[in-house]
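Visitor: Below is the file start.pdb, which contains PDB, C-alpha atoms.
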ATOM      1  CA  SER A   9      34.763  -4.432  -7.998
ATOM      2  CA  GLU A  10      35.287  -0.791  -7.139
ATOM      3  CA  ALA A  11      32.288   1.509  -7.440
ATOM      4  CA  ASN A  12      32.326   3.524 -10.610
ATOM      5  CA  ALA A  13      32.907   7.205  -9.882
ATOM      6  CA  ASP A  14      30.054   7.987 -12.274
ATOM      7  CA  ALA A  15      27.597   5.767 -10.395
ATOM      8  CA  CYS A  16      24.454   7.566  -9.221
ATOM      9  CA  ASN A  17      21.776   6.609  -6.733
ATOM     10  CA  GLY A  18      18.147   6.820  -7.687
ATOM     11  CA  THR A  19      14.610   5.616  -7.128
ATOM     12  CA  VAL A  20      12.625   3.704  -9.727
ATOM     13  CA  ILE A  21       9.640   5.814 -10.777
ATOM     14  CA  THR A  22       8.076   3.309 -13.130
ATOM     15  CA  HIS A  23       8.628   0.274 -15.290
ATOM     16  CA  HIS A  24       8.014   1.113 -18.911
ATOM     17  CA  GLY A  25       8.217  -1.848 -21.280
ATOM     18  CA  LYS A  26      11.823  -3.038 -21.096
ATOM     19  CA  GLU A  27      13.123   0.190 -19.587
ATOM     20  CA  LEU A  28      13.034   1.653 -16.108
ATOM     21  CA  ILE A  29      12.424   5.344 -15.562
ATOM     22  CA  VAL A  30      14.528   6.486 -12.622
ATOM     23  CA  ARG A  31      14.606   9.679 -10.590
ATOM     24  CA  GLY A  32      18.199  10.320  -9.631
ATOM     25  CA  ASP A  33      19.146  11.781  -6.264
ATOM     26  CA  ASN A  34      20.360  14.712  -8.405
ATOM     27  CA  ASP A  35      16.683  15.137  -9.455
ATOM     28  CA  GLU A  36      17.149  14.093 -13.060
ATOM     29  CA  THR A  37      14.585  11.780 -14.675
ATOM     30  CA  ILE A  38      16.413   9.230 -16.775
ATOM     31  CA  SER A  39      15.702   6.105 -18.796
ATOM     32  CA  CYS A  40      17.673   3.063 -17.657
ATOM     33  CA  GLN A  41      18.269  -0.377 -19.072
ATOM     34  CA  LEU A  42      18.419  -3.285 -16.700
ATOM     35  CA  ARG A  43      21.345  -5.629 -16.158
ATOM     36  CA  GLN A  44      20.120  -9.171 -16.622
ATOM     37  CA  ASN A  45      21.052 -10.617 -13.241
ATOM     38  CA  LEU A  46      19.257  -8.179 -10.928
ATOM     39  CA  GLY A  47      15.888  -9.949 -10.835
ATOM     40  CA  THR A  48      12.595  -8.104 -10.712
ATOM     41  CA  ILE A  49      12.879  -4.388 -10.035
ATOM     42  CA  VAL A  50       9.744  -2.429  -9.203
ATOM     43  CA  CYS A  51       8.470   1.063  -8.628
ATOM     44  CA  GLY A  52       9.955   2.480  -5.388
ATOM     45  CA  ASP A  53      13.142   0.405  -5.526
ATOM     46  CA  HIS A  54      16.381   2.197  -4.617
ATOM     47  CA  ILE A  55      19.008   1.441  -7.215
ATOM     48  CA  VAL A  56      22.466   2.433  -8.500
ATOM     49  CA  TYR A  57      22.833   3.421 -12.153
ATOM     50  CA  GLU A  58      25.675   4.365 -14.476
ATOM     51  CA  TYR A  59      25.553   6.435 -17.677
ATOM     52  CA  ILE A  60      26.016   4.598 -20.945
ATOM     53  CA  ASP A  61      26.732   7.781 -22.855
ATOM     54  CA  PRO A  62      26.503  10.905 -20.703
ATOM     55  CA  ASP A  63      26.544  13.151 -23.776
ATOM     56  CA  SER A  64      23.548  11.643 -25.542
ATOM     57  CA  GLU A  65      20.187  13.424 -25.338
ATOM     58  CA  PRO A  66      18.018  12.215 -23.759
ATOM     59  CA  LYS A  67      20.677  10.614 -21.531
ATOM     60  CA  SER A  68      20.562   6.887 -21.011
ATOM     61  CA  ALA A  69      21.952   4.693 -18.292
ATOM     62  CA  VAL A  70      22.039   1.163 -16.989
ATOM     63  CA  VAL A  71      20.941  -0.072 -13.548
ATOM     64  CA  VAL A  72      23.922  -1.858 -12.010
ATOM     65  CA  ALA A  73      22.754  -2.608  -8.462
ATOM     66  CA  LEU A  74      19.603  -2.965  -6.404
ATOM     67  CA  ASN A  75      19.812  -1.721  -2.813
ATOM     68  CA  GLU A  76      18.247  -3.682   0.015
ATOM     69  CA  ARG A  77      14.488  -3.218   0.322
ATOM     70  CA  ASN A  78      12.613  -2.346   3.502
ATOM     71  CA  ASN A  79       9.598  -4.182   2.144
ATOM     72  CA  ILE A  80       7.904  -5.309  -1.046
ATOM     73  CA  LEU A  81       4.200  -5.065  -1.793
ATOM     74  CA  GLN A  82       2.883  -8.062  -3.699
ATOM     75  CA  LYS A  83      -0.450  -8.971  -5.168
ATOM     76  CA  SER A  84      -1.609 -12.335  -6.374
ATOM     77  CA  GLY A  85      -1.089 -12.512 -10.115
ATOM     78  CA  PHE A  86      -2.144 -15.154 -12.620
ATOM     79  CA  GLY A  87      -2.508 -18.638 -11.183
ATOM     80  CA  GLY A  88      -2.182 -17.309  -7.635
ATOM     81  CA  LYS A  89       1.518 -16.499  -8.068
ATOM     82  CA  ALA A  90       2.691 -13.464  -6.098
ATOM     83  CA  LYS A  91       3.592 -10.491  -8.279
ATOM     84  CA  ALA A  92       5.746  -7.663  -6.923
ATOM     85  CA  VAL A  93       4.114  -4.246  -7.375
ATOM     86  CA  ALA A  94       6.078  -1.673  -5.367
ATOM     87  CA  ALA A  95       8.888  -1.469  -2.816
ATOM     88  CA  ASN A  96       9.981   0.598   0.193
ATOM     89  CA  ILE A  97       6.528   1.745   1.281
ATOM     90  CA  ASP A  98       6.106   3.596   4.594
ATOM     91  CA  HIS A  99       2.353   4.231   4.542
ATOM     92  CA  VAL A 100      -0.532   2.280   3.051
ATOM     93  CA  ILE A 101      -3.623   4.466   2.700
ATOM     94  CA  VAL A 102      -6.666   2.204   2.850
ATOM     95  CA  VAL A 103      -9.393   4.132   1.033
ATOM     96  CA  CYS A 104     -13.037   3.259   1.516
ATOM     97  CA  SER A 105     -16.001   5.513   0.862
ATOM     98  CA  LEU A 106     -19.275   6.412   2.465
ATOM     99  CA  VAL A 107     -21.032   5.223  -0.702
ATOM    100  CA  PRO A 108     -20.721   2.336  -1.610
ATOM    101  CA  LYS A 109     -20.726   1.244   2.043
ATOM    102  CA  PRO A 110     -17.325   0.034   3.290
ATOM    103  CA  ASN A 111     -16.718  -3.677   3.696
ATOM    104  CA  SER A 112     -14.940  -4.211   7.020
ATOM    105  CA  TYR A 113     -13.568  -7.613   5.996
ATOM    106  CA  LEU A 114     -11.848  -5.955   3.072
ATOM    107  CA  ILE A 115     -10.454  -3.187   5.299
ATOM    108  CA  ASP A 116      -9.146  -5.877   7.660
ATOM    109  CA  ARG A 117      -7.442  -7.724   4.809
ATOM    110  CA  TYR A 118      -5.696  -4.530   3.728
ATOM    111  CA  LEU A 119      -4.613  -3.897   7.333
ATOM    112  CA  VAL A 120      -3.242  -7.429   7.742
ATOM    113  CA  ALA A 121      -1.275  -7.140   4.512
ATOM    114  CA  THR A 122       0.046  -3.719   5.605
ATOM    115  CA  GLU A 123       1.092  -4.894   9.087
ATOM    116  CA  ASN A 124       2.991  -7.772   7.475
ATOM    117  CA  LEU A 125       4.860  -5.587   4.968
ATOM    118  CA  PRO A 126       5.493  -3.985   7.504
ATOM    119  CA  ALA A 127       4.185  -0.451   6.894
ATOM    120  CA  ARG A 128       1.924   2.015   8.697
ATOM    121  CA  PRO A 129      -1.722   1.939   7.658
ATOM    122  CA  LEU A 130      -4.054   4.908   7.532
ATOM    123  CA  ILE A 131      -7.790   4.486   6.938
ATOM    124  CA  VAL A 132      -9.493   7.118   4.792
ATOM    125  CA  ILE A 133     -13.283   7.406   4.536
ATOM    126  CA  ASN A 134     -13.750   9.292   1.278
ATOM    127  CA  LYS A 135     -16.850  10.979  -0.194
ATOM    128  CA  ILE A 136     -17.716  12.365   3.237
ATOM    129  CA  ASP A 137     -19.751  15.052   1.396
ATOM    130  CA  LEU A 138     -22.429  12.345   1.005
ATOM    131  CA  LEU A 139     -22.896  12.135   4.790
ATOM    132  CA  ASP A 140     -26.530  12.052   5.937
ATOM    133  CA  GLU A 141     -28.610  10.654   8.802
ATOM    134  CA  GLU A 142     -28.974   7.323   7.004
ATOM    135  CA  ASN A 143     -25.251   6.589   6.676
ATOM    136  CA  GLU A 144     -23.824   8.472   9.666
ATOM    137  CA  HIS A 145     -23.563   5.163  11.560
ATOM    138  CA  VAL A 146     -21.056   3.905   8.944
ATOM    139  CA  VAL A 147     -18.526   6.562   9.954
ATOM    140  CA  ASN A 148     -19.216   6.035  13.646
ATOM    141  CA  ASP A 149     -18.768   2.261  13.304
ATOM    142  CA  ILE A 150     -15.435   2.556  11.503
ATOM    143  CA  ASN A 151     -14.145   5.062  14.032
ATOM    144  CA  ALA A 152     -15.355   2.895  16.922
ATOM    145  CA  ILE A 153     -13.688  -0.254  15.596
ATOM    146  CA  TYR A 154     -10.394   1.095  14.282
ATOM    147  CA  GLU A 155      -9.496   4.132  16.389
ATOM    148  CA  THR A 156     -10.029   2.011  19.522
ATOM    149  CA  ILE A 157      -7.205  -0.301  18.406
ATOM    150  CA  GLY A 158      -4.890   2.563  17.505
ATOM    151  CA  TYR A 159      -5.485   3.204  13.797
ATOM    152  CA  ARG A 160      -5.863   6.695  12.422
ATOM    153  CA  VAL A 161      -9.140   7.290  10.553
ATOM    154  CA  LEU A 162      -9.373  10.367   8.336
ATOM    155  CA  GLU A 163     -12.519  11.654   6.632
ATOM    156  CA  THR A 164     -12.036  13.197   3.185
ATOM    157  CA  SER A 165     -13.962  14.579   0.268
ATOM    158  CA  ALA A 166     -12.126  15.103  -2.992
ATOM    159  CA  THR A 167     -14.994  17.208  -4.358
ATOM    160  CA  GLN A 168     -15.169  19.534  -1.342
ATOM    161  CA  ASN A 169     -11.437  19.368  -0.555
ATOM    162  CA  THR A 170     -12.218  18.167   2.994
ATOM    163  CA  GLY A 171      -9.328  16.551   4.887
ATOM    164  CA  ILE A 172      -6.926  16.872   1.924
ATOM    165  CA  ASP A 173      -4.500  19.232   3.708
ATOM    166  CA  GLU A 174      -4.450  16.914   6.689
ATOM    167  CA  LEU A 175      -3.844  13.914   4.441
ATOM    168  CA  GLN A 176      -0.989  15.771   2.717
ATOM    169  CA  SER A 177       0.688  16.632   5.985
ATOM    170  CA  MET A 178       0.414  13.004   7.141
ATOM    171  CA  LEU A 179       2.105  11.796   3.947
ATOM    172  CA  ALA A 180       4.925  14.364   4.000
ATOM    173  CA  GLY A 181       8.399  12.853   4.150
ATOM    174  CA  SER A 182       7.313   9.264   3.510
ATOM    175  CA  THR A 183       6.464   6.998   0.580
ATOM    176  CA  SER A 184       2.774   6.123   0.463
ATOM    177  CA  ILE A 185       0.424   4.073  -1.676
ATOM    178  CA  LEU A 186      -3.378   4.236  -1.930
ATOM    179  CA  VAL A 187      -5.323   0.978  -1.987
ATOM    180  CA  GLY A 188      -9.048   0.276  -2.135
ATOM    181  CA  LEU A 189     -11.728  -1.038  -4.427
ATOM    182  CA  SER A 190     -12.612   0.881  -7.559
ATOM    183  CA  GLY A 191     -15.405   3.371  -7.016
ATOM    184  CA  VAL A 192     -14.097   4.727  -3.711
ATOM    185  CA  GLY A 193     -12.590   7.809  -5.384
ATOM    186  CA  LYS A 194      -8.872   6.968  -5.256
ATOM    187  CA  SER A 195      -8.127   8.694  -8.559
ATOM    188  CA  SER A 196      -9.774  11.948  -7.461
ATOM    189  CA  LEU A 197      -7.743  11.835  -4.221
ATOM    190  CA  VAL A 198      -4.586  11.323  -6.297
ATOM    191  CA  LYS A 199      -5.509  14.404  -8.370
ATOM    192  CA  ASP A 200      -5.980  16.435  -5.197
ATOM    193  CA  LEU A 201      -2.624  15.307  -3.816
ATOM    194  CA  LEU A 202      -0.843  15.739  -7.183
ATOM    195  CA  PRO A 203      -2.503  18.648  -8.981
ATOM    196  CA  ASP A 204       0.145  18.595 -11.734
ATOM    197  CA  ILE A 205       0.016  14.841 -12.387
ATOM    198  CA  ASP A 206      -0.483  15.332 -16.151
ATOM    199  CA  ILE A 207       2.718  17.384 -16.378
ATOM    200  CA  ARG A 208       4.579  14.641 -14.470
ATOM    201  CA  ILE A 209       3.268  11.970 -16.833
ATOM    202  CA  GLY A 210       4.548  14.125 -19.705
ATOM    203  CA  GLU A 211       8.003  14.344 -18.085
ATOM    204  CA  ILE A 212       8.144  10.572 -17.791
ATOM    205  CA  SER A 213       7.141  10.205 -21.456
ATOM    206  CA  ALA A 214       9.862  12.708 -22.419
ATOM    207  CA  ALA A 215      12.529  10.700 -20.566
ATOM    208  CA  SER A 216      11.304   7.424 -22.029
ATOM    209  CA  LYS A 217      12.762   5.798 -25.112
ATOM    210  CA  GLU A 218       9.566   3.802 -25.540
ATOM    211  CA  GLY A 219       7.158   6.660 -26.061
ATOM    212  CA  LYS A 220       4.077   7.720 -24.170
ATOM    213  CA  HIS A 221       3.755   6.804 -20.495
ATOM    214  CA  THR A 222       0.453   5.197 -19.555
ATOM    215  CA  THR A 223      -1.267   5.446 -16.213
ATOM    216  CA  THR A 224      -1.922   1.708 -16.067
ATOM    217  CA  VAL A 225       1.447   0.885 -14.497
ATOM    218  CA  SER A 226       2.574   1.662 -10.947
ATOM    219  CA  THR A 227       4.254   5.063 -10.884
ATOM    220  CA  LEU A 228       5.976   6.990  -8.101
ATOM    221  CA  TYR A 229       5.405  10.754  -7.938
ATOM    222  CA  SER A 230       7.071  13.217  -5.576
ATOM    223  CA  LEU A 231       4.528  15.073  -3.454
ATOM    224  CA  PRO A 232       4.569  18.879  -3.318
ATOM    225  CA  THR A 233       4.797  18.603   0.488
ATOM    226  CA  GLY A 234       7.809  16.270   0.313
ATOM    227  CA  GLY A 235       7.645  12.498   0.240
ATOM    228  CA  ASN A 236       6.307  10.296  -2.542
ATOM    229  CA  LEU A 237       2.993   8.874  -3.638
ATOM    230  CA  ILE A 238       2.821   5.624  -5.596
ATOM    231  CA  ASP A 239      -0.194   5.519  -7.868
ATOM    232  CA  SER A 240      -0.775   1.864  -8.565
ATOM    233  CA  PRO A 241      -3.926   0.928 -10.451
ATOM    234  CA  GLY A 242      -2.893  -2.713 -10.169
ATOM    235  CA  VAL A 243      -3.369  -2.945  -6.406
ATOM    236  CA  ARG A 244      -7.100  -2.359  -6.275
ATOM    237  CA  ASP A 245      -7.392  -5.998  -5.284
ATOM    238  CA  PHE A 246      -4.248  -5.971  -3.146
ATOM    239  CA  SER A 247      -4.688  -8.420  -0.318
ATOM    240  CA  PRO A 248      -2.480 -10.677   1.779
ATOM    241  CA  VAL A 249      -0.563 -13.077  -0.444
ATOM    242  CA  ASN A 250      -0.160 -16.577   1.002
ATOM    243  CA  LEU A 251       0.047 -15.531   4.638
ATOM    244  CA  ASP A 252       0.253 -18.272   7.262
ATOM    245  CA  LYS A 253      -1.610 -18.442  10.583
ATOM    246  CA  GLU A 254       1.136 -16.582  12.474
ATOM    247  CA  GLN A 255       1.224 -13.736   9.959
ATOM    248  CA  ILE A 256      -2.553 -13.389   9.994
ATOM    249  CA  LEU A 257      -2.501 -13.145  13.786
ATOM    250  CA  ASN A 258       0.364 -10.656  13.483
ATOM    251  CA  GLY A 259      -1.885  -8.525  11.276
ATOM    252  CA  PHE A 260      -4.597  -8.185  13.934
ATOM    253  CA  VAL A 261      -2.769  -5.867  16.315
ATOM    254  CA  GLU A 262      -5.279  -6.167  19.180
ATOM    255  CA  LEU A 263      -5.279  -9.997  19.045
ATOM    256  CA  LYS A 264      -1.475 -10.336  19.197
ATOM    257  CA  PRO A 265      -1.374 -10.122  23.030
ATOM    258  CA  TYR A 266      -3.322 -13.424  23.173
ATOM    259  CA  ARG A 267      -0.670 -15.292  21.217
ATOM    260  CA  GLY A 268       0.508 -18.373  23.116
ATOM    261  CA  LYS A 269      -2.172 -17.975  25.809
ATOM    262  CA  CYS A 270      -4.515 -20.687  24.494
ATOM    263  CA  LYS A 271      -4.841 -24.065  26.224
ATOM    264  CA  PHE A 272      -3.665 -25.924  23.093
ATOM    265  CA  ALA A 273      -0.506 -24.932  21.248
ATOM    266  CA  ASN A 274      -2.045 -25.584  17.839
ATOM    267  CA  CYS A 275      -5.330 -23.799  18.670
ATOM    268  CA  SER A 276      -7.193 -22.729  15.536
ATOM    269  CA  HIS A 277      -8.905 -19.905  17.524
ATOM    270  CA  THR A 278     -12.322 -21.035  16.307
ATOM    271  CA  ASN A 279     -13.999 -23.616  18.516
ATOM    272  CA  GLU A 280     -11.405 -25.230  20.800
ATOM    273  CA  PRO A 281     -11.886 -25.097  24.558
ATOM    274  CA  GLY A 282      -9.513 -22.738  26.363
ATOM    275  CA  CYS A 283      -8.966 -20.441  23.375
ATOM    276  CA  ALA A 284      -7.679 -17.093  24.669
ATOM    277  CA  ILE A 285      -9.248 -15.165  21.790
ATOM    278  CA  THR A 286     -12.686 -16.749  22.319
ATOM    279  CA  GLU A 287     -12.417 -15.902  26.035
ATOM    280  CA  ALA A 288     -11.433 -12.302  25.233
ATOM    281  CA  LEU A 289     -14.452 -12.085  22.936
ATOM    282  CA  GLU A 290     -16.785 -13.391  25.655
ATOM    283  CA  GLU A 291     -15.311 -10.884  28.137
ATOM    284  CA  GLY A 292     -15.970  -8.054  25.645
ATOM    285  CA  GLU A 293     -12.250  -7.217  25.394
ATOM    286  CA  VAL A 294     -12.135  -7.489  21.596
ATOM    287  CA  ASN A 295     -14.487  -6.460  18.811
ATOM    288  CA  PRO A 296     -16.708  -9.303  17.465
ATOM    289  CA  GLN A 297     -16.493  -8.002  13.902
ATOM    290  CA  ARG A 298     -12.681  -8.090  13.990
ATOM    291  CA  VAL A 299     -12.672 -11.622  15.453
ATOM    292  CA  ASN A 300     -15.042 -12.721  12.662
ATOM    293  CA  SER A 301     -12.672 -11.200  10.095
ATOM    294  CA  PHE A 302      -9.728 -12.964  11.731
ATOM    295  CA  ARG A 303     -11.491 -16.341  11.619
ATOM    296  CA  LYS A 304     -12.666 -15.853   8.056
ATOM    297  CA  MET A 305      -9.132 -14.943   6.979
ATOM    298  CA  LEU A 306      -7.747 -18.087   8.659
ATOM    299  CA  GLU A 307     -10.382 -20.143   6.878
ATOM    300  CA  ASP A 308      -9.692 -18.476   3.499
ATOM    301  CA  SER A 309      -5.951 -19.041   3.889
ATOM    302  CA  GLU A 310      -6.421 -22.771   4.366
ATOM    303  CA  GLN A 311      -8.273 -23.163   1.068
TER     304      GLN A 311
END
Represent the supplied structure as structure tokens.
Guide:
Amino acid sequence: SEANADACNGTVITHHGKELIVRGDNDETISCQLRQNLGTIVCGDHIVYEYIDPDSEPKSAVVVALNERNNILQKSGFGGKAKAVAANIDHVIVVCSLVPKPNSYLIDRYLVATENLPARPLIVINKIDLLDEENEHVVNDINAIYETIGYRVLETSATQNTGIDELQSMLAGSTSILVGLSGVGKSSLVKDLLPDIDIRIGEISAASKEGKHTTTVSTLYSLPTGGNLIDSPGVRDFSPVNLDKEQILNGFVELKPYRGKCKFANCSHTNEPGCAITEALEEGEVNPQRVNSFRKMLEDSEQ
């Protein structure tokens, strides 16, 4: 069928009950119904919509097509089933904090999930204003482990506005999402990056047919510096969903070079003789903490 001349391209800002709120490429914010046969559509999806009645106020439209996704972020939902949360993500900001002390296994799980999206990860150590002699080693350890293997580590403080400008410039021109456990200060970072978030929530509510927008659903906001930030309360526990052995190895960037170098083709990289990863560990070529994470993730995935 020929494309309708009135068809517009847009990005899904949020899912609101049965309606989608869409930001058109013409910068309008519009409520859209969903055609039945398009499957699940999530925040960040690029779609095509057509007006139902262009003269009605507020305008309404229907989503008629879903464009191909670069990636889809999933979390495990009820009963272990994967649930799509957001699409077309360029950056995953892994937020940990000085207090409570970061859990490196958790950071590694976020990184593995990000590498398999694929998207670019950035590690943020928040609450850096709480730095003292007691916890200084925490920052040094994270830098030592992750910058060595090529990841960017940024130190921020939402209360003192440390590192926020740098974070903003790193997010410019891309679509990013913040992940991390509750208590690491994600919501205060979001407020620093989006000072007018309450106004934006009001705009979404105004475009909605279903009333007030809540902050409990994933929502995409345009950043003042260009680019988008997805605020997704639901991905606090975001971790790899049903990844196999190959994908887990793929997620440990510094272990990938050892792929296929083991004595046995089906090596589990734990206790077999001639394991290339074990040898690299003994030679001091790879970080013991990362290898432990890798083995634990393999073990967890088999259960």
Visitor: Translate the PyMOL selection byres ((chain A and resi 35) around 12) into a concrete residue list for this structure, as a PyMOL selection string.
Guide: chain A and resi 16-19+21+30-34+36-38+230
Visitor: For His54 (chain A), which residue out of A:Ala95, A:Ala15, A:Gly87, A:Glu123 is the nearest one, using all atoms listed in the file?
Guide: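 Closest residue, counting all atoms listed in the file: A:Ala95.
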Visitor: Tell me which of A:Leu306, A:Ala284, A:Leu138, A:Ile185 sits closest to Gln168 (chain A), counting only C-alpha atoms.
Guide: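 Distance minimum relative to Gln168 (chain A) lands on A:Leu138.
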Visitor: Neighbours of region 272-282 of chain A within 10 Å (only C-alpha atoms; same-chain residues fewer than 2 positions away dropped), as a list in words?
Guide: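 Surrounding residues, per the criterion: Lys253, Arg267, Gly268, Lys269, Cys270, Ala284, Ile285, Thr286, Glu287, Val299, Asn300, Phe302, Arg303, Lys304, Leu306 and Glu307 of chain A.
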Visitor: Please write the residues picked by the PyMOL selection byres ((chain A and resi 56) around 6) on this file as a list in words.
Guide: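 Given this file, the PyMOL selection byres ((chain A and resi 56) around 6) evaluates to Cys16, Asn17, Ile55, Tyr57, Val71, Val72 and Ala73 of chain A.
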Visitor: List the spatial neighbours of Ile136 (chain A) as a list in words - criterion: any atom at most 7 Å away, only C-alpha atoms, same-chain residues fewer than 6 positions off excluded.
Guide: Leu106, Glu163, Thr164 and Ser165 of chain A
Visitor: For the structure provided, state which residues fall under the PyMOL selection byres ((chain A and resi 250) around 10), and present them as a list of chain:residue names.
Guide: A:Lys83, A:Ser84, A:Gly88, A:Lys89, A:Ala90, A:Ser247, A:Pro248, A:Val249, A:Leu251, A:Asp252, A:Lys253, A:Gln255, A:Ile256, A:Ser309, A:Glu310
Visitor: Applying 10 Å and all atoms listed in the file, which residues near Ser195 (chain A) remain after dropping the ones on its own chain fewer than 6 positions away? List them as a list in words.
Guide: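 Non-adjacent residues within range: Ala166, Leu186, Leu201, Asp239 and Pro241 of chain A.
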Visitor: Using all atoms listed in the file, determine which residues lie at most 12 Å from Val132 (chain A), disregarding the query and same-chain residues fewer than 5 positions distant; provide the list as a CSV table (one decimal) with C-alpha atoms, keeping the file's coordinate frame.
Guide:
chain,number,residue,atom,x,y,z
A,100,VAL,CA,-0.5,2.3,3.1
A,101,ILE,CA,-3.6,4.5,2.7
A,102,VAL,CA,-6.7,2.2,2.8
A,103,VAL,CA,-9.4,4.1,1.0
A,104,CYS,CA,-13.0,3.3,1.5
A,105,SER,CA,-16.0,5.5,0.9
A,106,LEU,CA,-19.3,6.4,2.5
A,110,PRO,CA,-17.3,0.0,3.3
A,115,ILE,CA,-10.5,-3.2,5.3
A,147,VAL,CA,-18.5,6.6,10.0
A,150,ILE,CA,-15.4,2.6,11.5
A,151,ASN,CA,-14.1,5.1,14.0
A,154,TYR,CA,-10.4,1.1,14.3
A,155,GLU,CA,-9.5,4.1,16.4
A,159,TYR,CA,-5.5,3.2,13.8
A,160,ARG,CA,-5.9,6.7,12.4
A,161,VAL,CA,-9.1,7.3,10.6
A,162,LEU,CA,-9.4,10.4,8.3
A,163,GLU,CA,-12.5,11.7,6.6
A,164,THR,CA,-12.0,13.2,3.2
A,165,SER,CA,-14.0,14.6,0.3
A,166,ALA,CA,-12.1,15.1,-3.0
A,170,THR,CA,-12.2,18.2,3.0
A,171,GLY,CA,-9.3,16.6,4.9
A,172,ILE,CA,-6.9,16.9,1.9
A,174,GLU,CA,-4.4,16.9,6.7
A,175,LEU,CA,-3.8,13.9,4.4
A,178,MET,CA,0.4,13.0,7.1
A,186,LEU,CA,-3.4,4.2,-1.9
A,187,VAL,CA,-5.3,1.0,-2.0
A,188,GLY,CA,-9.0,0.3,-2.1
A,192,VAL,CA,-14.1,4.7,-3.7
A,193,GLY,CA,-12.6,7.8,-5.4
A,194,LYS,CA,-8.9,7.0,-5.3
A,197,LEU,CA,-7.7,11.8,-4.2
Visitor: Between CA of Lys135 (chain A) and CA of Pro203 (chain A), what is the spacing in Å?
Guide: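 Pair CA of Pro203 (chain A) / CA of Lys135 (chain A) returns 18.5 Å.
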Visitor: So which one's closest to Ala92 (chain A), A:Pro108, A:Cys51, A:Ile131, A:Thr233? Using only C-alpha atoms, please.
Guide: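 Ranked by minimum distance to Ala92 (chain A), first place goes to A:Cys51.
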Visitor: Measure the distance from CA of Asn45 (chain A) to CA of Leu125 (chain A) in Å and round it to one decimal.
Guide: 24.9 Å
Visitor: Could you tell me how far CA of Leu28 (chain A) lies from CA of Cys40 (chain A), in Å and to one decimal?
Guide: 5.1 Å
Visitor: Here is a test: counting all atoms listed in the file, which residue of A:Thr48, A:Ala215, A:Gln176, A:Asp14 is nearest to Ser68 (chain A)?
Guide: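 Answer, going by the shortest atom-to-atom distance: A:Ala215.
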Visitor: Counting only C-alpha atoms, which of A:Leu81, A:Leu231, A:Val294, A:Leu46 gets nearest to Ala121 (chain A)?
Guide: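 When distances to Ala121 (chain A) are compared using only C-alpha atoms, the smallest one comes from A:Leu81.
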Visitor: Given only C-alpha atoms as the basis, pick out the residue of A:Ile209, A:Ala127, A:Leu179, A:Ala288 nearest to Val225 (chain A).
Guide: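 Under the stated criterion, the closest residue is A:Ile209.
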Visitor: Edge lengths and centre in Å to one decimal, as lines of an AutoDock Vina configuration file, of the axis-aligned box that encloses all listed atoms of region 284-300 of chain A with 3 Å added on every side?
Guide:
center_x = -12.2
center_y = -11.8
center_z = 20.4
size_x = 15.1
size_y = 16.6
size_z = 21.5
Visitor: Can you list, as a CSV table (one decimal) with C-alpha atoms, in the frame of the given file, every protein, DNA or RNA residue that comes within 7 Å of Thr183 (chain A) when you count all atoms listed in the file, leaving out same-chain residues fewer than 3 positions away?
Guide:
chain,number,residue,atom,x,y,z
A,97,ILE,CA,6.5,1.7,1.3
A,98,ASP,CA,6.1,3.6,4.6
A,99,HIS,CA,2.4,4.2,4.5
A,235,GLY,CA,7.6,12.5,0.2
A,236,ASN,CA,6.3,10.3,-2.5
A,237,LEU,CA,3.0,8.9,-3.6
